[in-house]
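Data file: data_20.cif. Format and content: mmCIF, C-alpha atoms; chains and numbers go by the auth columns.
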data_entry
loop_
_atom_site.group_PDB
_atom_site.id
_atom_site.type_symbol
_atom_site.label_atom_id
_atom_site.label_comp_id
_atom_site.label_asym_id
_atom_site.label_seq_id
_atom_site.Cartn_x
_atom_site.Cartn_y
_atom_site.Cartn_z
_atom_site.B_iso_or_equiv
_atom_site.auth_seq_id
_atom_site.auth_asym_id
ATOM 1 C CA MET A 1 12.174 4.329 8.205 0.00 1323 A
ATOM 2 C CA LYS A 2 11.566 7.269 10.511 0.00 1324 A
ATOM 3 C CA ILE A 3 8.207 7.509 12.242 0.00 1325 A
ATOM 4 C CA GLU A 4 6.760 9.873 14.790 0.00 1326 A
ATOM 5 C CA ALA A 5 6.349 8.130 18.149 0.00 1327 A
ATOM 6 C CA THR A 6 2.721 9.226 18.388 0.00 1328 A
ATOM 7 C CA ILE A 7 1.964 7.505 15.074 0.00 1329 A
ATOM 8 C CA LEU A 8 3.427 4.241 16.290 0.00 1330 A
ATOM 9 C CA GLU A 9 1.223 4.517 19.376 0.00 1331 A
ATOM 10 C CA LYS A 10 -1.803 5.001 17.101 0.00 1332 A
ATOM 11 C CA LEU A 11 -0.885 1.896 15.094 0.00 1333 A
ATOM 12 C CA ILE A 12 -0.826 -0.141 18.278 0.00 1334 A
ATOM 13 C CA GLU A 13 -4.148 1.366 19.354 0.00 1335 A
ATOM 14 C CA HIS A 14 -5.625 0.448 15.969 0.00 1336 A
ATOM 15 C CA ALA A 15 -4.257 -3.079 16.237 0.00 1337 A
ATOM 16 C CA LYS A 16 -5.850 -3.507 19.664 0.00 1338 A
ATOM 17 C CA ALA A 17 -9.156 -2.002 18.572 0.00 1339 A
ATOM 18 C CA ALA A 18 -9.377 -4.368 15.614 0.00 1340 A
ATOM 19 C CA LEU A 19 -8.993 -7.497 17.747 0.00 1341 A
ATOM 20 C CA PRO A 20 -9.619 -10.310 17.249 0.00 1342 A
ATOM 21 C CA ALA A 21 -9.083 -9.375 13.583 0.00 1343 A
ATOM 22 C CA GLU A 22 -5.964 -8.010 11.969 0.00 1344 A
ATOM 23 C CA ALA A 23 -5.817 -4.260 11.415 0.00 1345 A
ATOM 24 C CA CYS A 24 -4.442 -2.627 8.270 0.00 1346 A
ATOM 25 C CA GLY A 25 -3.765 0.776 6.796 0.00 1347 A
ATOM 26 C CA TYR A 26 -1.379 3.166 5.106 0.00 1348 A
ATOM 27 C CA LEU A 27 1.446 5.251 6.510 0.00 1349 A
ATOM 28 C CA ALA A 28 2.216 8.601 4.930 0.00 1350 A
ATOM 29 C CA ALA A 29 5.399 10.607 5.166 0.00 1351 A
ATOM 30 C CA LYS A 30 6.619 14.146 4.784 0.00 1352 A
ATOM 31 C CA ASP A 31 10.305 14.833 4.263 0.00 1353 A
ATOM 32 C CA GLY A 32 11.139 11.215 4.994 0.00 1354 A
ATOM 33 C CA VAL A 33 9.262 10.965 8.287 0.00 1355 A
ATOM 34 C CA VAL A 34 5.976 9.106 8.773 0.00 1356 A
ATOM 35 C CA VAL A 35 3.642 11.706 10.196 0.00 1357 A
ATOM 36 C CA LYS A 36 0.175 10.239 9.652 0.00 1358 A
ATOM 37 C CA HIS A 37 -1.588 6.901 9.539 0.00 1359 A
ATOM 38 C CA TYR A 38 -4.768 6.064 7.650 0.00 1360 A
ATOM 39 C CA GLU A 39 -6.869 3.209 8.967 0.00 1361 A
ATOM 40 C CA LEU A 40 -8.461 1.004 6.331 0.00 1362 A
ATOM 41 C CA THR A 41 -11.046 -1.744 6.509 0.00 1363 A
ATOM 42 C CA ASN A 42 -9.793 -5.285 6.707 0.00 1364 A
ATOM 43 C CA THR A 43 -12.296 -6.757 4.296 0.00 1365 A
ATOM 44 C CA ASP A 44 -11.353 -10.262 5.473 0.00 1366 A
ATOM 45 C CA ASN A 45 -12.239 -9.270 9.067 0.00 1367 A
ATOM 46 C CA ASP A 46 -10.155 -12.216 10.130 0.00 1368 A
ATOM 47 C CA PRO A 47 -7.642 -12.893 12.945 0.00 1369 A
ATOM 48 C CA GLU A 48 -5.146 -14.395 10.492 0.00 1370 A
ATOM 49 C CA HIS A 49 -5.652 -12.504 7.242 0.00 1371 A
ATOM 50 C CA TYR A 50 -6.175 -9.046 5.866 0.00 1372 A
ATOM 51 C CA SER A 51 -7.161 -7.580 2.523 0.00 1373 A
ATOM 52 C CA MET A 52 -7.773 -3.982 1.537 0.00 1374 A
ATOM 53 C CA ASP A 53 -10.673 -2.793 -0.576 0.00 1375 A
ATOM 54 C CA PRO A 54 -9.320 -1.219 -3.802 0.00 1376 A
ATOM 55 C CA LYS A 55 -11.812 1.653 -3.787 0.00 1377 A
ATOM 56 C CA GLU A 56 -10.897 2.519 -0.209 0.00 1378 A
ATOM 57 C CA GLN A 57 -7.235 2.246 -1.203 0.00 1379 A
ATOM 58 C CA PHE A 58 -7.693 4.744 -4.056 0.00 1380 A
ATOM 59 C CA ASP A 59 -9.656 7.099 -1.831 0.00 1381 A
ATOM 60 C CA THR A 60 -6.956 6.898 0.839 0.00 1382 A
ATOM 61 C CA VAL A 61 -4.061 7.446 -1.532 0.00 1383 A
ATOM 62 C CA ARG A 62 -5.829 10.514 -2.934 0.00 1384 A
ATOM 63 C CA ALA A 63 -6.391 11.772 0.611 0.00 1385 A
ATOM 64 C CA ILE A 64 -2.687 11.290 1.314 0.00 1386 A
ATOM 65 C CA ARG A 65 -1.824 13.365 -1.762 0.00 1387 A
ATOM 66 C CA ALA A 66 -4.348 16.015 -0.767 0.00 1388 A
ATOM 67 C CA ASP A 67 -2.668 16.200 2.645 0.00 1389 A
ATOM 68 C CA GLY A 68 0.607 16.968 0.900 0.00 1390 A
ATOM 69 C CA LEU A 69 2.112 13.651 1.956 0.00 1391 A
ATOM 70 C CA SER A 70 3.401 10.568 0.163 0.00 1392 A
ATOM 71 C CA VAL A 71 2.718 6.891 0.718 0.00 1393 A
ATOM 72 C CA ALA A 72 5.570 5.401 2.720 0.00 1394 A
ATOM 73 C CA ALA A 73 4.246 2.058 3.865 0.00 1395 A
ATOM 74 C CA VAL A 74 1.380 -0.296 4.389 0.00 1396 A
ATOM 75 C CA TYR A 75 0.902 -1.676 7.877 0.00 1397 A
ATOM 76 C CA HIS A 76 -0.998 -4.567 9.316 0.00 1398 A
ATOM 77 C CA SER A 77 -1.142 -6.327 12.650 0.00 1399 A
ATOM 78 C CA HIS A 78 -0.362 -9.818 13.839 0.00 1400 A
ATOM 79 C CA PRO A 79 -2.602 -10.407 16.857 0.00 1401 A
ATOM 80 C CA VAL A 80 -0.774 -13.469 18.201 0.00 1402 A
ATOM 81 C CA THR A 81 2.371 -13.926 16.132 0.00 1403 A
ATOM 82 C CA PRO A 82 5.659 -12.027 15.892 0.00 1404 A
ATOM 83 C CA ALA A 83 6.259 -8.964 13.737 0.00 1405 A
ATOM 84 C CA ARG A 84 7.805 -10.790 10.842 0.00 1406 A
ATOM 85 C CA PRO A 85 6.354 -11.301 7.348 0.00 1407 A
ATOM 86 C CA SER A 86 4.542 -14.607 6.965 0.00 1408 A
ATOM 87 C CA GLN A 87 4.842 -16.622 3.791 0.00 1409 A
ATOM 88 C CA GLU A 88 1.497 -15.160 2.740 0.00 1410 A
ATOM 89 C CA ASP A 89 2.711 -11.629 3.499 0.00 1411 A
ATOM 90 C CA ILE A 90 5.783 -12.221 1.336 0.00 1412 A
ATOM 91 C CA ALA A 91 3.857 -13.837 -1.501 0.00 1413 A
ATOM 92 C CA LEU A 92 1.380 -10.950 -1.622 0.00 1414 A
ATOM 93 C CA ALA A 93 3.918 -8.108 -1.298 0.00 1415 A
ATOM 94 C CA TYR A 94 3.727 -6.874 -4.884 0.00 1416 A
ATOM 95 C CA ASP A 95 4.608 -3.225 -4.377 0.00 1417 A
ATOM 96 C CA PRO A 96 8.406 -2.794 -4.456 0.00 1418 A
ATOM 97 C CA THR A 97 8.221 0.944 -3.795 0.00 1419 A
ATOM 98 C CA ILE A 98 6.953 0.921 -0.211 0.00 1420 A
ATOM 99 C CA SER A 99 7.779 -0.509 3.201 0.00 1421 A
ATOM 100 C CA TYR A 100 5.717 -3.109 4.977 0.00 1422 A
ATOM 101 C CA VAL A 101 5.212 -2.473 8.693 0.00 1423 A
ATOM 102 C CA ILE A 102 3.928 -5.206 10.978 0.00 1424 A
ATOM 103 C CA VAL A 103 2.571 -4.538 14.461 0.00 1425 A
ATOM 104 C CA SER A 104 2.670 -7.513 16.789 0.00 1426 A
ATOM 105 C CA LEU A 105 0.462 -7.945 19.837 0.00 1427 A
ATOM 106 C CA ALA A 106 1.958 -11.335 20.625 0.00 1428 A
ATOM 107 C CA LYS A 107 3.922 -10.145 23.639 0.00 1429 A
ATOM 108 C CA ASP A 108 2.884 -8.154 26.672 0.00 1430 A
ATOM 109 C CA ILE A 109 4.459 -5.080 25.128 0.00 1431 A
ATOM 110 C CA PRO A 110 3.317 -4.501 21.531 0.00 1432 A
ATOM 111 C CA TYR A 111 6.009 -3.708 19.015 0.00 1433 A
ATOM 112 C CA ALA A 112 6.450 -3.079 15.308 0.00 1434 A
ATOM 113 C CA LYS A 113 9.032 -3.835 12.663 0.00 1435 A
ATOM 114 C CA SER A 114 9.474 -2.589 9.129 0.00 1436 A
ATOM 115 C CA PHE A 115 10.553 -4.483 6.027 0.00 1437 A
ATOM 116 C CA ARG A 116 11.192 -3.983 2.361 0.00 1438 A
ATOM 117 C CA ILE A 117 9.937 -6.944 0.352 0.00 1439 A
ATOM 118 C CA GLN A 118 10.918 -7.201 -3.294 0.00 1440 A
ATOM 119 C CA LYS A 119 10.327 -10.271 -5.441 0.00 1441 A
ATOM 120 C CA GLY A 120 10.127 -12.521 -2.391 0.00 1442 A
ATOM 121 C CA GLU A 121 13.246 -11.144 -0.775 0.00 1443 A
ATOM 122 C CA VAL A 122 12.699 -9.717 2.695 0.00 1444 A
ATOM 123 C CA ARG A 123 15.002 -7.022 4.019 0.00 1445 A
ATOM 124 C CA PRO A 124 14.404 -5.678 7.531 0.00 1446 A
ATOM 125 C CA GLU A 125 14.849 -1.955 7.889 0.00 1447 A
ATOM 126 C CA GLU A 126 15.409 0.178 10.925 0.00 1448 A
ATOM 127 C CA LEU A 127 12.307 1.776 12.409 0.00 1449 A
ATOM 128 C CA THR A 128 13.452 4.959 14.066 0.00 1450 A
ATOM 129 C CA LEU A 129 11.193 6.928 16.397 0.00 1451 A
ATOM 130 C CA VAL A 130 11.400 10.693 16.098 0.00 1452 A
ATOM 131 C CA MET B 1 1.539 13.701 -24.930 0.00 685 B
ATOM 132 C CA GLN B 2 1.174 14.342 -21.244 0.00 686 B
ATOM 133 C CA ILE B 3 -0.831 12.393 -18.685 0.00 687 B
ATOM 134 C CA LYS B 4 -0.882 12.194 -14.906 0.00 688 B
ATOM 135 C CA VAL B 5 0.092 8.869 -13.334 0.00 689 B
ATOM 136 C CA ASN B 6 -0.415 8.414 -9.599 0.00 690 B
ATOM 137 C CA GLY B 7 -0.436 12.162 -9.239 0.00 691 B
ATOM 138 C CA GLU B 8 2.753 12.746 -11.221 0.00 692 B
ATOM 139 C CA ILE B 9 2.929 14.124 -14.749 0.00 693 B
ATOM 140 C CA GLN B 10 4.456 11.764 -17.296 0.00 694 B
ATOM 141 C CA GLN B 11 5.294 12.220 -20.943 0.00 695 B
ATOM 142 C CA VAL B 12 4.052 9.210 -22.902 0.00 696 B
ATOM 143 C CA SER B 13 3.742 8.262 -26.541 0.00 697 B
ATOM 144 C CA GLU B 14 0.553 8.791 -28.506 0.00 698 B
ATOM 145 C CA GLN B 15 -1.813 5.805 -28.614 0.00 699 B
ATOM 146 C CA ILE B 16 -0.295 4.232 -25.514 0.00 700 B
ATOM 147 C CA ASN B 17 -2.571 1.710 -23.837 0.00 701 B
ATOM 148 C CA LEU B 18 -2.850 0.756 -20.185 0.00 702 B
ATOM 149 C CA THR B 19 -0.851 -2.446 -20.559 0.00 703 B
ATOM 150 C CA GLN B 20 2.045 -0.500 -22.049 0.00 704 B
ATOM 151 C CA LEU B 21 1.781 2.211 -19.410 0.00 705 B
ATOM 152 C CA LEU B 22 1.941 -0.325 -16.579 0.00 706 B
ATOM 153 C CA ASN B 23 4.926 -1.956 -18.237 0.00 707 B
ATOM 154 C CA ASP B 24 6.651 1.418 -18.600 0.00 708 B
ATOM 155 C CA ASN B 25 6.054 1.960 -14.886 0.00 709 B
ATOM 156 C CA GLN B 26 7.801 -1.303 -13.974 0.00 710 B
ATOM 157 C CA VAL B 27 4.647 -3.134 -12.947 0.00 711 B
ATOM 158 C CA ASP B 28 5.728 -6.771 -13.052 0.00 712 B
ATOM 159 C CA ASN B 29 2.347 -8.204 -12.083 0.00 713 B
ATOM 160 C CA PRO B 30 -0.375 -6.230 -13.855 0.00 714 B
ATOM 161 C CA ASP B 31 -2.915 -8.814 -12.712 0.00 715 B
ATOM 162 C CA MET B 32 -2.252 -7.660 -9.149 0.00 716 B
ATOM 163 C CA VAL B 33 -2.944 -3.980 -9.672 0.00 717 B
ATOM 164 C CA SER B 34 -6.198 -2.077 -9.786 0.00 718 B
ATOM 165 C CA VAL B 35 -6.398 0.788 -12.248 0.00 719 B
ATOM 166 C CA GLN B 36 -8.577 3.856 -12.430 0.00 720 B
ATOM 167 C CA VAL B 37 -8.678 6.264 -15.358 0.00 721 B
ATOM 168 C CA ASN B 38 -10.195 9.594 -14.423 0.00 722 B
ATOM 169 C CA GLY B 39 -11.537 7.950 -11.298 0.00 723 B
ATOM 170 C CA GLU B 40 -13.251 5.044 -13.040 0.00 724 B
ATOM 171 C CA PHE B 41 -12.145 1.449 -12.522 0.00 725 B
ATOM 172 C CA ILE B 42 -10.895 -0.321 -15.629 0.00 726 B
ATOM 173 C CA ALA B 43 -11.411 -4.091 -15.851 0.00 727 B
ATOM 174 C CA LYS B 44 -8.182 -6.040 -16.230 0.00 728 B
ATOM 175 C CA GLU B 45 -9.343 -7.574 -19.505 0.00 729 B
ATOM 176 C CA ASP B 46 -9.693 -4.056 -20.907 0.00 730 B
ATOM 177 C CA TYR B 47 -6.173 -2.840 -20.131 0.00 731 B
ATOM 178 C CA ALA B 48 -4.812 -3.586 -23.600 0.00 732 B
ATOM 179 C CA SER B 49 -7.756 -2.010 -25.372 0.00 733 B
ATOM 180 C CA THR B 50 -7.830 1.125 -23.243 0.00 734 B
ATOM 181 C CA ILE B 51 -6.028 3.799 -25.252 0.00 735 B
ATOM 182 C CA LEU B 52 -5.056 6.800 -23.175 0.00 736 B
ATOM 183 C CA SER B 53 -5.622 10.327 -24.357 0.00 737 B
ATOM 184 C CA ASN B 54 -3.806 13.527 -23.577 0.00 738 B
ATOM 185 C CA GLY B 55 -4.535 14.886 -20.100 0.00 739 B
ATOM 186 C CA VAL B 56 -6.104 11.794 -18.550 0.00 740 B
ATOM 187 C CA GLU B 57 -5.394 10.877 -14.961 0.00 741 B
ATOM 188 C CA VAL B 58 -4.351 7.292 -14.382 0.00 742 B
ATOM 189 C CA ASP B 59 -3.995 5.800 -10.942 0.00 743 B
ATOM 190 C CA PHE B 60 -2.836 2.297 -10.200 0.00 744 B
ATOM 191 C CA LEU B 61 -2.174 0.513 -6.945 0.00 745 B
ATOM 192 C CA TYR B 62 -1.269 -2.957 -5.895 0.00 746 B
ATOM 193 C CA PHE B 63 -3.476 -5.467 -4.176 0.00 747 B
ATOM 194 C CA MET B 64 -2.714 -5.352 -0.469 0.00 748 B
ATOM 195 C CA GLY B 65 -3.250 -8.369 1.680 0.00 749 B
ATOM 196 C CA GLY B 66 -1.557 -10.982 3.766 0.00 750 B
ATOM 197 C CA GLY B 67 -1.815 -13.199 6.756 0.00 751 B
ATOM 198 C CA GLN B 68 0.034 -13.976 9.936 0.00 752 B
#
Structure encoded using structure tokens:
Amino acid sequence: MKIEATILEKLIEHAKAALPAEACGYLAAKDGVVVKHYELTNTDNDPEHYSMDPKEQFDTVRAIRADGLSVAAVYHSHPVTPARPSQEDIALAYDPTISYVIVSLAKDIPYAKSFRIQKGEVRPEELTLV
Amino acid sequence: MQIKVNGEIQQVSEQINLTQLLNDNQVDNPDMVSVQVNGEFIAKEDYASTILSNGVEVDFLYFMGGGQ
């Protein structure tokens, strides 16, 4: 997945701002490049879990369409664990059409990884900064 | 007839209900999606009885959650 470097910086900023809870949101793309992020409420407000509110999801997806973009991924943060899908992440990854981006704050330098998750099968994908 | 699904126009059969529409759109776990028709949430138990009419706008999205 291609993503603008400034967007990745904003994801990390969001992840830090949400501490101690996990952060979550959508990533939207134009012509195959993620150009905007949309921060959503983690209704769990929890350091180890996140859930999105369906109404906020609908409102966000409509905003993405109105911006002339398409949904590329959902992201969330792992405050103290690596950027890899947990068993819960895998079990709850129902949408086969998008990527799942995880931002980790576990190390001194935050980082992110992207995955496709389909029917419990996890496939890492390259996250290319543009 | 013609309806709009997640912002895209789709041709569907007359009398199609939400359960059939989700199936046609490869939704394997309909219990894990939320659906709005013309901006109004539809309860999961009403999917099968919700018959769609020409021109309606249907949006569905998957539950999003997880844990580290």
Taking the file as shown, what set of residues would the PyMOL selection byres ((chain A and resi 1325) around 7) give back, as a PyMOL selection string? chain A and resi 1323-1324+1326-1327+1329+1355-1357+1450-1452
Report as a tab-separated table (two decimals) with C-alpha atoms, keeping the file's coordinate frame all protein, DNA and RNA residues lying within 7 Å of range 713-723 of chain B, evaluated on only C-alpha atoms, omitting residues in the same chain fewer than 4 positions from it.
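Dumped everything to result-v4.tsv:
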chain	number	residue	atom	x	y	z
A	1376	PRO	CA	-9.32	-1.22	-3.80
B	706	LEU	CA	1.94	-0.32	-16.58
B	728	LYS	CA	-8.18	-6.04	-16.23
B	740	VAL	CA	-6.10	11.79	-18.55
B	741	GLU	CA	-5.39	10.88	-14.96
B	742	VAL	CA	-4.35	7.29	-14.38
B	743	ASP	CA	-4.00	5.80	-10.94
B	744	PHE	CA	-2.84	2.30	-10.20
B	745	LEU	CA	-2.17	0.51	-6.94
B	746	TYR	CA	-1.27	-2.96	-5.90
B	747	PHE	CA	-3.48	-5.47	-4.18
Let me know the residues the PyMOL selection byres ((chain B) within 6 of (chain A)) catches in the file above, as a short mmCIF file (atom, residue, chain, number, x, y, z; two decimals) with C-alpha atoms, keeping the file's coordinate frame.
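Once written, out.cif looks like this:
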data_model
loop_
_atom_site.label_atom_id
_atom_site.label_comp_id
_atom_site.auth_asym_id
_atom_site.auth_seq_id
_atom_site.Cartn_x
_atom_site.Cartn_y
_atom_site.Cartn_z
CA MET B 748 -2.71 -5.35 -0.47
CA GLY B 749 -3.25 -8.37 1.68
CA GLY B 750 -1.56 -10.98 3.77
CA GLY B 751 -1.82 -13.20 6.76
CA GLN B 752 0.03 -13.98 9.94
#
Between CA of Gln1440 in chain A and CA of Tyr1422 in chain A, measure the distance and give it in Å to one decimal.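 So the two atoms, CA of Gln1440 in chain A and CA of Tyr1422 in chain A, lie 10.6 Å apart.
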List, as number ranges by chain, every residue that the PyMOL selection byres ((chain A and resi 1392) around 6) selects in the file provided. A: 1350-1351, 1391, 1393
For Ser733 in chain B, list every protein, DNA or RNA residue within 9 Å, evaluated using all atoms listed in the file, and leave out those in the same chain fewer than 5 positions away; present the list as a PDB file with C-alpha atoms, keeping the file's coordinate frame.
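Okay, out31.pdb is ready:
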ATOM      1  CA  ASN B 701      -2.571   1.710 -23.837  1.00  0.00           C
ATOM      2  CA  LEU B 702      -2.850   0.756 -20.185  1.00  0.00           C
ATOM      3  CA  THR B 703      -0.851  -2.446 -20.559  1.00  0.00           C
TER       4      THR B 703
END
Which residues are near Ile700 in chain B? Cut-off 10 Å, all atoms listed in the file, ignore same chain within fewer than 6 positions. Put them as a ChimeraX atom specification. /B:685,732-737
Could you please determine the separation between CA of Leu1333 in chain A and CA of Gly1442 in chain A in Å, to one decimal place?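 Those two atoms sit 25.2 Å apart.
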How many Å separate CA of Leu1449 in chain A from CA of Ala1340 in chain A?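 Between CA of Leu1449 in chain A and CA of Ala1340 in chain A the gap works out to 22.8 Å.
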Of the residues B:Gln704, B:Asn709, B:Glu729, B:Glu724, which is the one nearest to Val689 in chain B, using all atoms listed in the file?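 Between B:Gln704, B:Asn709, B:Glu729, B:Glu724, the residue approaching Val689 in chain B most closely is B:Asn709.
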